[in-house]
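Visitor: Sharing a structure with you now.
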Amino acid sequence: MRSIRCFYIADMYQDFTQFLVMTGTSLGETATVTVAEVELRSTPATVRISAAWKHDGNNGFYVSPTKTSTGKRTVSRTPDSVDLVSPLVSAGDGSDLLFTTGSGVLIAQERTGTSSGCWLCRRTA
């Protein structure tokens, strides 16, 4: 017999999740994208991927360059994904992360609890 777990995407992470789907970037890559890495005026609009979350071996994380040189890349953006991130780019400074938790910190891959900091939360009801 298989166990099925139900999850939902917390409201504050809907845009983050849509970005993952629209760009095909990994969670660790998407979480580290800064406002400066999004170019909305180019045709097509693009986002530069240059870093990702890494595990440090002690239940912690750090930001590091992508695993391989081919991981550093420029991803073309669809018009829908441009509409999605335009308000985030307009509201931030170049070094600001494009997506953060509600408290403004980097979104972690392991946030699967039921706290407001999780992006993929276990449905408890």
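Here's how to read the names in the structure tokens: chain A, B, ... by the order shown, residue numbers from 1 in each chain, ligand numbers from 1 in the order shown.
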Applying 12 Å and only C-alpha atoms, which residues near Leu20 (chain A) remain after dropping the ones on its own chain fewer than 2 positions away? List them as an MDAnalysis selection string.
Guide: chainID A and resid 13:18 22:31 33 75 77 81 84:85 99
Visitor: If you run DSSP on the backbone, which residues of chain A are strand (DSSP E), as a PyMOL selection string?
Guide: chain A and resi 7-9+38-39+46-49+51-55+61-65+73-76+120-122
Visitor: Per DSSP on the backbone, what are the alpha helix (DSSP H) residues of chain A, as a ChimeraX atom specification?
Guide: /A:14-23,27-31,79-91
Visitor: Would you give me, as JSON lines, each residue of region 62-95 of chain A having an atom within 7 Å of an atom of region 43-58 of chain A, along with its shortest atom pair and that distance in Å to one decimal, using only C-alpha atoms and sorting by chain and residue number?
Guide:
```
{"residue": "A:Tyr62", "atom": "CA", "partner": "A:Lys54", "partner_atom": "CA", "distance": 5.4}
{"residue": "A:Val63", "atom": "CA", "partner": "A:Trp53", "partner_atom": "CA", "distance": 4.8}
{"residue": "A:Ser64", "atom": "CA", "partner": "A:Ala51", "partner_atom": "CA", "distance": 5.4}
{"residue": "A:Pro65", "atom": "CA", "partner": "A:Ala51", "partner_atom": "CA", "distance": 4.1}
{"residue": "A:Thr66", "atom": "CA", "partner": "A:Ala51", "partner_atom": "CA", "distance": 4.7}
{"residue": "A:Lys72", "atom": "CA", "partner": "A:Ser50", "partner_atom": "CA", "distance": 4.7}
{"residue": "A:Arg73", "atom": "CA", "partner": "A:Ile49", "partner_atom": "CA", "distance": 5.3}
{"residue": "A:Thr74", "atom": "CA", "partner": "A:Arg48", "partner_atom": "CA", "distance": 4.4}
{"residue": "A:Val75", "atom": "CA", "partner": "A:Val47", "partner_atom": "CA", "distance": 5.3}
{"residue": "A:Ser76", "atom": "CA", "partner": "A:Thr46", "partner_atom": "CA", "distance": 4.4}
{"residue": "A:Arg77", "atom": "CA", "partner": "A:Ala45", "partner_atom": "CA", "distance": 5.1}
```
Visitor: Take the residues from that selection and put them in a file with N, CA, C and O atoms, as a PDB file, in the first residue's frame.
Guide:
```pdb
ATOM      1  N   TYR A  62      24.507  27.169   2.106  1.00  0.00           N
ATOM      2  CA  TYR A  62      25.239  28.359   1.709  1.00  0.00           C
ATOM      3  C   TYR A  62      25.030  28.554   0.211  1.00  0.00           C
ATOM      4  O   TYR A  62      24.645  27.634  -0.502  1.00  0.00           O
ATOM      5  N   VAL A  63      25.262  29.770  -0.247  1.00  0.00           N
ATOM      6  CA  VAL A  63      25.137  30.081  -1.671  1.00  0.00           C
ATOM      7  C   VAL A  63      26.504  29.905  -2.307  1.00  0.00           C
ATOM      8  O   VAL A  63      27.511  30.374  -1.782  1.00  0.00           O
ATOM      9  N   SER A  64      26.523  29.219  -3.447  1.00  0.00           N
ATOM     10  CA  SER A  64      27.771  28.923  -4.134  1.00  0.00           C
ATOM     11  C   SER A  64      27.533  28.986  -5.639  1.00  0.00           C
ATOM     12  O   SER A  64      26.397  28.848  -6.089  1.00  0.00           O
ATOM     13  N   PRO A  65      28.581  29.180  -6.425  1.00  0.00           N
ATOM     14  CA  PRO A  65      28.410  29.093  -7.883  1.00  0.00           C
ATOM     15  C   PRO A  65      27.790  27.747  -8.266  1.00  0.00           C
ATOM     16  O   PRO A  65      27.884  26.775  -7.506  1.00  0.00           O
ATOM     17  N   THR A  66      27.180  27.690  -9.420  1.00  0.00           N
ATOM     18  CA  THR A  66      26.577  26.445  -9.880  1.00  0.00           C
ATOM     19  C   THR A  66      27.620  25.337  -9.925  1.00  0.00           C
ATOM     20  O   THR A  66      28.823  25.603  -9.990  1.00  0.00           O
ATOM     21  N   LYS A  72      26.001  27.748 -15.262  1.00  0.00           N
ATOM     22  CA  LYS A  72      25.897  29.192 -15.431  1.00  0.00           C
ATOM     23  C   LYS A  72      25.337  29.443 -16.815  1.00  0.00           C
ATOM     24  O   LYS A  72      25.949  29.084 -17.817  1.00  0.00           O
ATOM     25  N   ARG A  73      24.154  30.036 -16.855  1.00  0.00           N
ATOM     26  CA  ARG A  73      23.492  30.207 -18.143  1.00  0.00           C
ATOM     27  C   ARG A  73      22.510  31.356 -18.097  1.00  0.00           C
ATOM     28  O   ARG A  73      22.173  31.861 -17.037  1.00  0.00           O
ATOM     29  N   THR A  74      22.042  31.740 -19.272  1.00  0.00           N
ATOM     30  CA  THR A  74      21.009  32.760 -19.399  1.00  0.00           C
ATOM     31  C   THR A  74      19.768  32.071 -19.929  1.00  0.00           C
ATOM     32  O   THR A  74      19.817  31.363 -20.933  1.00  0.00           O
ATOM     33  N   VAL A  75      18.658  32.264 -19.221  1.00  0.00           N
ATOM     34  CA  VAL A  75      17.406  31.610 -19.564  1.00  0.00           C
ATOM     35  C   VAL A  75      16.459  32.653 -20.139  1.00  0.00           C
ATOM     36  O   VAL A  75      16.245  33.711 -19.531  1.00  0.00           O
ATOM     37  N   SER A  76      15.905  32.379 -21.321  1.00  0.00           N
ATOM     38  CA  SER A  76      14.917  33.278 -21.921  1.00  0.00           C
ATOM     39  C   SER A  76      13.623  33.216 -21.129  1.00  0.00           C
ATOM     40  O   SER A  76      13.253  32.168 -20.604  1.00  0.00           O
ATOM     41  N   ARG A  77      12.939  34.338 -21.061  1.00  0.00           N
ATOM     42  CA  ARG A  77      11.701  34.439 -20.297  1.00  0.00           C
ATOM     43  C   ARG A  77      10.515  34.585 -21.233  1.00  0.00           C
ATOM     44  O   ARG A  77      10.582  35.267 -22.236  1.00  0.00           O
TER      45      ARG A  77
END
```
Visitor: Tell me which of A:Thr101, A:Val38, A:Ile107, A:Ser90 sits closest to Met12 (chain A), counting only C-alpha atoms.
Guide: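 When distances to Met12 (chain A) are compared using only C-alpha atoms, the smallest one comes from A:Thr101.
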Visitor: Which one of A:Val82, A:Leu97, A:Ala108, A:Ala10 sits closest to Arg41 (chain A) if you count only C-alpha atoms?
Guide: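 For Arg41 (chain A), the nearest of the candidates is A:Val82.
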Visitor: A:Ser95, A:Phe19, A:Ile9, A:Glu37: which is nearest Asp83 (chain A), counting only C-alpha atoms?
Guide: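 Counting only C-alpha atoms, the residue closest to Asp83 (chain A) is A:Phe19.
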Visitor: For CA of Leu40 (chain A) and CA of Ser86 (chain A), quote the distance in Å rounded to one decimal.
Guide: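 CA of Ser86 (chain A) lies at a distance of 7.6 Å from CA of Leu40 (chain A).
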